[in-house]
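The file work_18.tsv comes next; it holds TSV, N, CA and C atoms.
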chain	number	residue	atom	x	y	z
V	59	MET	N	154.69	138.92	51.27
V	59	MET	CA	155.24	139.82	50.29
V	59	MET	C	155.83	141.01	51.02
V	60	PRO	N	157.08	141.26	50.84
V	60	PRO	CA	157.68	142.43	51.50
V	60	PRO	C	157.24	143.72	50.82
V	61	ILE	N	157.06	144.74	51.61
V	61	ILE	CA	156.69	146.04	51.07
V	61	ILE	C	157.97	146.81	50.81
V	62	GLY	N	158.19	147.17	49.58
V	62	GLY	CA	159.39	147.90	49.19
V	62	GLY	C	159.22	148.44	47.79
V	63	PRO	N	160.23	149.13	47.29
V	63	PRO	CA	160.13	149.71	45.94
V	63	PRO	C	159.90	148.66	44.85
V	64	GLN	N	160.45	147.46	45.00
V	64	GLN	CA	160.29	146.43	43.99
V	64	GLN	C	158.89	145.85	43.95
V	65	SER	N	158.13	145.95	45.01
V	65	SER	CA	156.78	145.38	45.05
V	65	SER	C	155.71	146.46	45.18
V	66	ALA	N	156.03	147.68	44.84
V	66	ALA	CA	155.08	148.78	45.01
V	66	ALA	C	153.81	148.57	44.19
V	67	PHE	N	153.95	148.12	42.95
V	67	PHE	CA	152.76	147.92	42.12
V	67	PHE	C	151.86	146.83	42.69
V	68	ALA	N	152.43	145.73	43.12
V	68	ALA	CA	151.64	144.63	43.68
V	68	ALA	C	150.92	145.06	44.95
V	69	VAL	N	151.59	145.81	45.80
V	69	VAL	CA	150.97	146.28	47.04
V	69	VAL	C	149.84	147.25	46.72
V	70	LEU	N	150.07	148.19	45.81
V	70	LEU	CA	149.02	149.14	45.44
V	70	LEU	C	147.84	148.43	44.78
V	71	ALA	N	148.11	147.43	43.96
V	71	ALA	CA	147.02	146.68	43.34
V	71	ALA	C	146.20	145.93	44.40
V	72	MET	N	146.88	145.34	45.37
V	72	MET	CA	146.18	144.62	46.43
V	72	MET	C	145.36	145.58	47.30
V	73	LEU	N	145.92	146.73	47.60
V	73	LEU	CA	145.18	147.73	48.38
V	73	LEU	C	143.98	148.25	47.61
V	74	ALA	N	144.13	148.48	46.32
V	74	ALA	CA	143.01	148.94	45.51
V	74	ALA	C	141.91	147.89	45.45
V	75	TRP	N	142.29	146.64	45.28
V	75	TRP	CA	141.31	145.55	45.22
V	75	TRP	C	140.55	145.42	46.54
V	76	THR	N	141.27	145.38	47.65
V	76	THR	CA	140.60	145.24	48.94
V	76	THR	C	139.78	146.49	49.27
V	77	GLY	N	140.27	147.65	48.91
V	77	GLY	CA	139.50	148.88	49.14
V	77	GLY	C	138.20	148.87	48.36
V	78	GLY	N	138.25	148.39	47.12
V	78	GLY	CA	137.03	148.30	46.33
V	78	GLY	C	136.04	147.31	46.91
V	79	LEU	N	136.54	146.18	47.39
V	79	LEU	CA	135.65	145.19	48.00
V	79	LEU	C	135.03	145.71	49.30
V	80	ILE	N	135.84	146.39	50.08
V	80	ILE	CA	135.32	146.95	51.34
V	80	ILE	C	134.25	148.00	51.04
V	81	ASN	N	134.48	148.84	50.05
V	81	ASN	CA	133.50	149.85	49.67
V	81	ASN	C	132.22	149.20	49.16
V	82	ALA	N	132.35	148.12	48.40
V	82	ALA	CA	131.17	147.42	47.89
V	82	ALA	C	130.33	146.85	49.03
V	83	VAL	N	130.98	146.26	50.01
V	83	VAL	CA	130.24	145.71	51.15
V	83	VAL	C	129.58	146.82	51.96
V	84	GLN	N	130.31	147.89	52.17
V	84	GLN	CA	129.77	148.98	52.99
V	84	GLN	C	128.56	149.64	52.34
V	85	THR	N	128.61	149.87	51.03
V	85	THR	CA	127.46	150.51	50.38
V	85	THR	C	126.29	149.55	50.24
V	86	THR	N	126.56	148.26	50.14
V	86	THR	CA	125.48	147.28	50.07
V	86	THR	C	124.75	147.17	51.40
V	87	MET	N	125.44	147.48	52.48
V	87	MET	CA	124.82	147.40	53.81
V	87	MET	C	123.61	148.32	53.94
V	88	TYR	N	123.64	149.48	53.28
V	88	TYR	CA	122.51	150.40	53.39
V	88	TYR	C	121.26	149.79	52.76
V	89	ALA	N	121.41	149.16	51.60
V	89	ALA	CA	120.26	148.51	50.96
V	89	ALA	C	119.81	147.30	51.76
V	90	LEU	N	120.75	146.56	52.30
V	90	LEU	CA	120.41	145.39	53.10
V	90	LEU	C	119.65	145.79	54.36
V	91	ALA	N	120.07	146.86	54.98
V	91	ALA	CA	119.43	147.29	56.23
V	91	ALA	C	117.96	147.66	56.00
V	92	ALA	N	117.62	148.12	54.81
V	92	ALA	CA	116.22	148.46	54.53
V	92	ALA	C	115.32	147.24	54.57
V	93	HIS	N	115.85	146.06	54.30
V	93	HIS	CA	115.05	144.84	54.34
V	93	HIS	C	115.15	144.09	55.65
V	94	VAL	N	116.23	144.29	56.40
V	94	VAL	CA	116.45	143.52	57.61
V	94	VAL	C	115.62	144.05	58.77
V	95	TYR	N	115.59	145.37	58.93
V	95	TYR	CA	114.92	145.96	60.09
V	95	TYR	C	113.43	146.16	59.82
V	96	PRO	N	112.59	145.91	60.82
V	96	PRO	CA	111.16	146.19	60.67
V	96	PRO	C	110.92	147.69	60.44
V	97	THR	N	109.81	148.01	59.82
V	97	THR	CA	109.51	149.39	59.45
V	97	THR	C	109.53	150.33	60.64
V	98	ALA	N	109.09	149.87	61.79
V	98	ALA	CA	109.00	150.74	62.97
V	98	ALA	C	110.37	151.20	63.46
V	99	VAL	N	111.41	150.42	63.23
V	99	VAL	CA	112.75	150.78	63.70
V	99	VAL	C	113.77	150.87	62.57
V	100	ARG	N	113.29	150.99	61.34
V	100	ARG	CA	114.18	150.97	60.18
V	100	ARG	C	115.19	152.11	60.20
V	101	ALA	N	114.75	153.31	60.50
V	101	ALA	CA	115.67	154.46	60.51
V	101	ALA	C	116.74	154.28	61.59
V	102	THR	N	116.35	153.80	62.75
V	102	THR	CA	117.32	153.56	63.82
V	102	THR	C	118.29	152.44	63.43
V	103	GLY	N	117.78	151.40	62.82
V	103	GLY	CA	118.63	150.29	62.40
V	103	GLY	C	119.64	150.71	61.34
V	104	VAL	N	119.19	151.45	60.34
V	104	VAL	CA	120.10	151.91	59.30
V	104	VAL	C	121.12	152.88	59.89
V	105	GLY	N	120.68	153.75	60.76
V	105	GLY	CA	121.60	154.68	61.42
V	105	GLY	C	122.64	153.97	62.26
V	106	THR	N	122.24	152.92	62.94
V	106	THR	CA	123.18	152.13	63.73
V	106	THR	C	124.19	151.43	62.83
V	107	ALA	N	123.72	150.88	61.71
V	107	ALA	CA	124.63	150.23	60.76
V	107	ALA	C	125.64	151.22	60.21
V	108	VAL	N	125.18	152.42	59.88
V	108	VAL	CA	126.08	153.46	59.38
V	108	VAL	C	127.08	153.86	60.47
V	109	ALA	N	126.63	153.95	61.71
V	109	ALA	CA	127.52	154.34	62.81
V	109	ALA	C	128.62	153.31	63.00
V	110	PHE	N	128.29	152.02	62.93
V	110	PHE	CA	129.32	151.00	63.06
V	110	PHE	C	130.31	151.06	61.91
V	111	GLY	N	129.82	151.37	60.72
V	111	GLY	CA	130.73	151.54	59.59
V	111	GLY	C	131.68	152.71	59.79
V	112	ARG	N	131.15	153.80	60.35
V	112	ARG	CA	132.00	154.97	60.61
V	112	ARG	C	133.02	154.68	61.71
V	113	ILE	N	132.60	153.94	62.72
V	113	ILE	CA	133.53	153.58	63.80
V	113	ILE	C	134.67	152.75	63.23
V	114	GLY	N	134.34	151.81	62.35
V	114	GLY	CA	135.39	151.03	61.70
V	114	GLY	C	136.31	151.89	60.86
V	115	GLY	N	135.75	152.89	60.19
V	115	GLY	CA	136.57	153.80	59.40
V	115	GLY	C	137.51	154.63	60.25
V	116	VAL	N	137.08	154.96	61.46
V	116	VAL	CA	137.93	155.74	62.37
V	116	VAL	C	139.02	154.86	62.98
V	117	LEU	N	138.67	153.63	63.34
V	117	LEU	CA	139.63	152.75	64.00
V	117	LEU	C	140.61	152.08	63.04
V	118	SER	N	140.24	151.94	61.78
V	118	SER	CA	141.07	151.16	60.86
V	118	SER	C	142.48	151.71	60.66
V	119	PRO	N	142.73	153.03	60.61
V	119	PRO	CA	144.13	153.47	60.47
V	119	PRO	C	144.99	153.06	61.67
V	120	SER	N	144.44	153.15	62.85
V	120	SER	CA	145.21	152.77	64.04
V	120	SER	C	145.47	151.28	64.08
V	121	VAL	N	144.47	150.49	63.77
V	121	VAL	CA	144.64	149.04	63.78
V	121	VAL	C	145.58	148.60	62.65
V	122	GLY	N	145.44	149.23	61.49
V	122	GLY	CA	146.34	148.91	60.38
V	122	GLY	C	147.78	149.27	60.70
V	123	SER	N	147.97	150.40	61.34
V	123	SER	CA	149.33	150.80	61.74
V	123	SER	C	149.91	149.82	62.75
V	124	TRP	N	149.09	149.41	63.71
V	124	TRP	CA	149.54	148.42	64.69
V	124	TRP	C	149.94	147.12	64.00
V	125	ALA	N	149.11	146.66	63.04
V	125	ALA	CA	149.40	145.41	62.35
V	125	ALA	C	150.69	145.50	61.56
V	126	LEU	N	150.92	146.62	60.90
V	126	LEU	CA	152.16	146.78	60.13
V	126	LEU	C	153.39	146.82	61.04
V	127	GLU	N	153.27	147.49	62.18
V	127	GLU	CA	154.40	147.61	63.10
V	127	GLU	C	154.71	146.29	63.82
V	128	SER	N	153.67	145.55	64.15
V	128	SER	CA	153.89	144.34	64.95
V	128	SER	C	154.17	143.09	64.11
V	129	GLY	N	153.67	143.03	62.88
V	129	GLY	CA	153.87	141.82	62.11
V	129	GLY	C	154.15	142.02	60.64
V	130	GLY	N	154.26	143.25	60.23
V	130	GLY	CA	154.56	143.53	58.83
V	130	GLY	C	153.36	143.36	57.92
V	131	SER	N	153.65	143.26	56.64
V	131	SER	CA	152.57	143.20	55.65
V	131	SER	C	151.76	141.92	55.76
V	132	SER	N	152.36	140.82	56.19
V	132	SER	CA	151.60	139.58	56.30
V	132	SER	C	150.52	139.69	57.38
V	133	ARG	N	150.84	140.32	58.49
V	133	ARG	CA	149.83	140.51	59.53
V	133	ARG	C	148.76	141.51	59.07
V	134	TYR	N	149.19	142.55	58.38
V	134	TYR	CA	148.26	143.58	57.89
V	134	TYR	C	147.23	142.96	56.95
V	135	PHE	N	147.69	142.24	55.92
V	135	PHE	CA	146.77	141.64	54.97
V	135	PHE	C	146.01	140.46	55.57
V	136	GLY	N	146.61	139.76	56.52
V	136	GLY	CA	145.89	138.70	57.21
V	136	GLY	C	144.75	139.25	58.04
V	137	LEU	N	145.00	140.37	58.72
V	137	LEU	CA	143.95	141.01	59.51
V	137	LEU	C	142.84	141.53	58.60
V	138	MET	N	143.22	142.09	57.46
V	138	MET	CA	142.23	142.58	56.51
V	138	MET	C	141.39	141.43	55.96
V	139	GLY	N	142.04	140.32	55.63
V	139	GLY	CA	141.31	139.15	55.15
V	139	GLY	C	140.40	138.55	56.20
V	140	ALA	N	140.87	138.49	57.44
V	140	ALA	CA	140.03	137.96	58.53
V	140	ALA	C	138.82	138.84	58.77
V	141	THR	N	139.01	140.15	58.69
V	141	THR	CA	137.90	141.07	58.87
V	141	THR	C	136.87	140.91	57.76
V	142	MET	N	137.34	140.77	56.53
V	142	MET	CA	136.40	140.58	55.41
V	142	MET	C	135.70	139.23	55.50
V	143	ALA	N	136.39	138.20	55.96
V	143	ALA	CA	135.76	136.90	56.13
V	143	ALA	C	134.68	136.96	57.21
V	144	ALA	N	134.94	137.69	58.29
V	144	ALA	CA	133.93	137.84	59.35
V	144	ALA	C	132.73	138.62	58.82
V	145	ALA	N	132.96	139.65	58.03
V	145	ALA	CA	131.84	140.41	57.45
V	145	ALA	C	131.04	139.53	56.49
V	146	PHE	N	131.72	138.71	55.69
V	146	PHE	CA	131.03	137.80	54.79
V	146	PHE	C	130.16	136.81	55.56
V	147	ALA	N	130.71	136.24	56.61
V	147	ALA	CA	129.95	135.27	57.41
V	147	ALA	C	128.73	135.93	58.05
V	148	ALA	N	128.90	137.15	58.54
V	148	ALA	CA	127.77	137.85	59.15
V	148	ALA	C	126.69	138.16	58.11
V	149	LEU	N	127.10	138.62	56.93
V	149	LEU	CA	126.13	138.92	55.88
V	149	LEU	C	125.46	137.67	55.35
V	150	ALA	N	126.20	136.58	55.24
V	150	ALA	CA	125.63	135.33	54.74
V	150	ALA	C	124.62	134.74	55.72
V	151	SER	N	124.72	135.08	56.99
V	151	SER	CA	123.81	134.52	57.98
V	151	SER	C	122.47	135.26	58.04
V	152	ILE	N	122.36	136.39	57.40
V	152	ILE	CA	121.11	137.17	57.42
V	152	ILE	C	120.17	136.61	56.37
V	153	ARG	N	119.02	136.17	56.79
V	153	ARG	CA	118.06	135.56	55.87
V	153	ARG	C	116.89	136.50	55.53
V	154	ARG	N	116.73	137.59	56.24
V	154	ARG	CA	115.61	138.49	55.97
V	154	ARG	C	115.91	139.48	54.87
V	155	HIS	N	117.04	139.37	54.21
V	155	HIS	CA	117.40	140.37	53.21
V	155	HIS	C	116.71	140.16	51.87
V	156	ILE	N	116.00	139.04	51.70
V	156	ILE	CA	115.27	138.80	50.47
V	156	ILE	C	113.83	139.26	50.66
V	157	PRO	N	113.38	140.22	49.83
V	157	PRO	CA	112.01	140.70	49.99
V	157	PRO	C	111.01	139.57	49.77
V	158	GLY	N	109.88	139.69	50.43
V	158	GLY	CA	108.84	138.68	50.32
V	158	GLY	C	108.05	138.79	49.04
V	159	THR	N	106.75	138.81	49.14
V	159	THR	CA	105.89	138.80	47.96
V	159	THR	C	105.93	140.12	47.19
V	160	ALA	N	106.42	141.18	47.79
V	160	ALA	CA	106.47	142.46	47.09
V	160	ALA	C	107.38	142.38	45.87
V	161	ALA	N	108.37	141.53	45.87
V	161	ALA	CA	109.28	141.41	44.73
V	161	ALA	C	108.61	140.67	43.57
V	162	ALA	N	107.56	139.88	43.87
V	162	ALA	CA	106.89	139.12	42.83
V	162	ALA	C	105.83	139.93	42.11
V	163	VAL	N	105.48	141.10	42.61
V	163	VAL	CA	104.47	141.94	41.99
V	163	VAL	C	105.06	142.58	40.74
V	164	PRO	N	104.41	142.40	39.56
V	164	PRO	CA	104.97	142.99	38.34
V	164	PRO	C	104.86	144.51	38.35
V	165	LEU	N	105.79	145.14	37.69
V	165	LEU	CA	105.77	146.59	37.57
V	165	LEU	C	104.68	147.00	36.60
V	166	PRO	N	104.08	148.19	36.75
V	166	PRO	CA	102.98	148.63	35.88
V	166	PRO	C	103.38	148.65	34.40
V	167	HIS	N	104.58	149.09	34.09
V	167	HIS	CA	104.96	149.18	32.68
V	167	HIS	C	105.21	147.80	32.07
V	168	ALA	N	105.49	146.80	32.90
V	168	ALA	CA	105.71	145.45	32.39
V	168	ALA	C	104.38	144.79	32.01
V	169	ALA	N	103.29	145.17	32.66
V	169	ALA	CA	101.98	144.59	32.37
V	169	ALA	C	101.43	145.10	31.06
V	170	ALA	N	101.86	146.27	30.62
V	170	ALA	CA	101.33	146.87	29.39
V	170	ALA	C	101.87	146.18	28.14
V	171	ARG	N	102.91	145.39	28.25
V	171	ARG	CA	103.52	144.74	27.07
V	171	ARG	C	102.75	143.58	26.59
Take the structure I supplied and represent it as structure tokens, if you would.
Amino acid sequence: MPIGPQSAFAVLAMLAWTGGLINAVQTTMYALAAHVYPTAVRATGVGTAVAFGRIGGVLSPSVGSWALESGGSSRYFGLMGATMAAAFAALASIRRHIPGTAAAVPLPHAAAR
């Protein structure tokens, strides 16, 4: 899709959609990190996850600019899609994100019913 005045709405819609998905993954990482890392290193693990997210936020304008200059919108959106696919694969491979028996314990207010 060429980027121009005739496709401005489609480009903005695609950017809004991908931005929302990226934000959803990034904010979910904080909750996921609480279950992935052992209690002894949980703060360090969550801090490291946040740091990698910030590094990506700092590098993304430069990488996006490079992609637009070298290959146009197809390379830009292809790179964005590849990055999201890699993040999906990494998140799908984590098996410790499901709480153990603590999730099966009923809440106090549920027992009163």
Residues near stretch 76-79 of chain V, cut-off 10 Å, only C-alpha atoms, skip fewer than 3 positions along chain, as a list of chain:residue names =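 Answer for this query is V:Leu70, V:Ala71, V:Met72, V:Leu73, V:Ala82, V:Val83, V:Gln84, V:Phe135, V:Met138, V:Gly139, V:Met142.
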Quick one: distance from atom CA of V:Gly111 to atom CA of V:Ile80 in Å, one decimal?
-> 10.5 Å
Run DSSP on the backbone and grab whatever in chain V lands in helix (DSSP H, G or I); send it over as an MDAnalysis selection string.
-> chainID V and resid 63:94 97:150 159:162 166:169
Nearest-residue call for V:Leu149, choices V:Ala98, V:Gly130, V:Ile113, V:Thr86, using only C-alpha atoms |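 When distances to V:Leu149 are compared using only C-alpha atoms, the smallest one comes from V:Thr86.
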Nearest to V:Tyr88 by atom-to-atom distance, counting only N, CA and C atoms, from V:Gln64, V:Val116, V:Val108, V:Ala143 |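 Once distances to V:Tyr88 are computed over only N, CA and C atoms, the minimum belongs to V:Val108.
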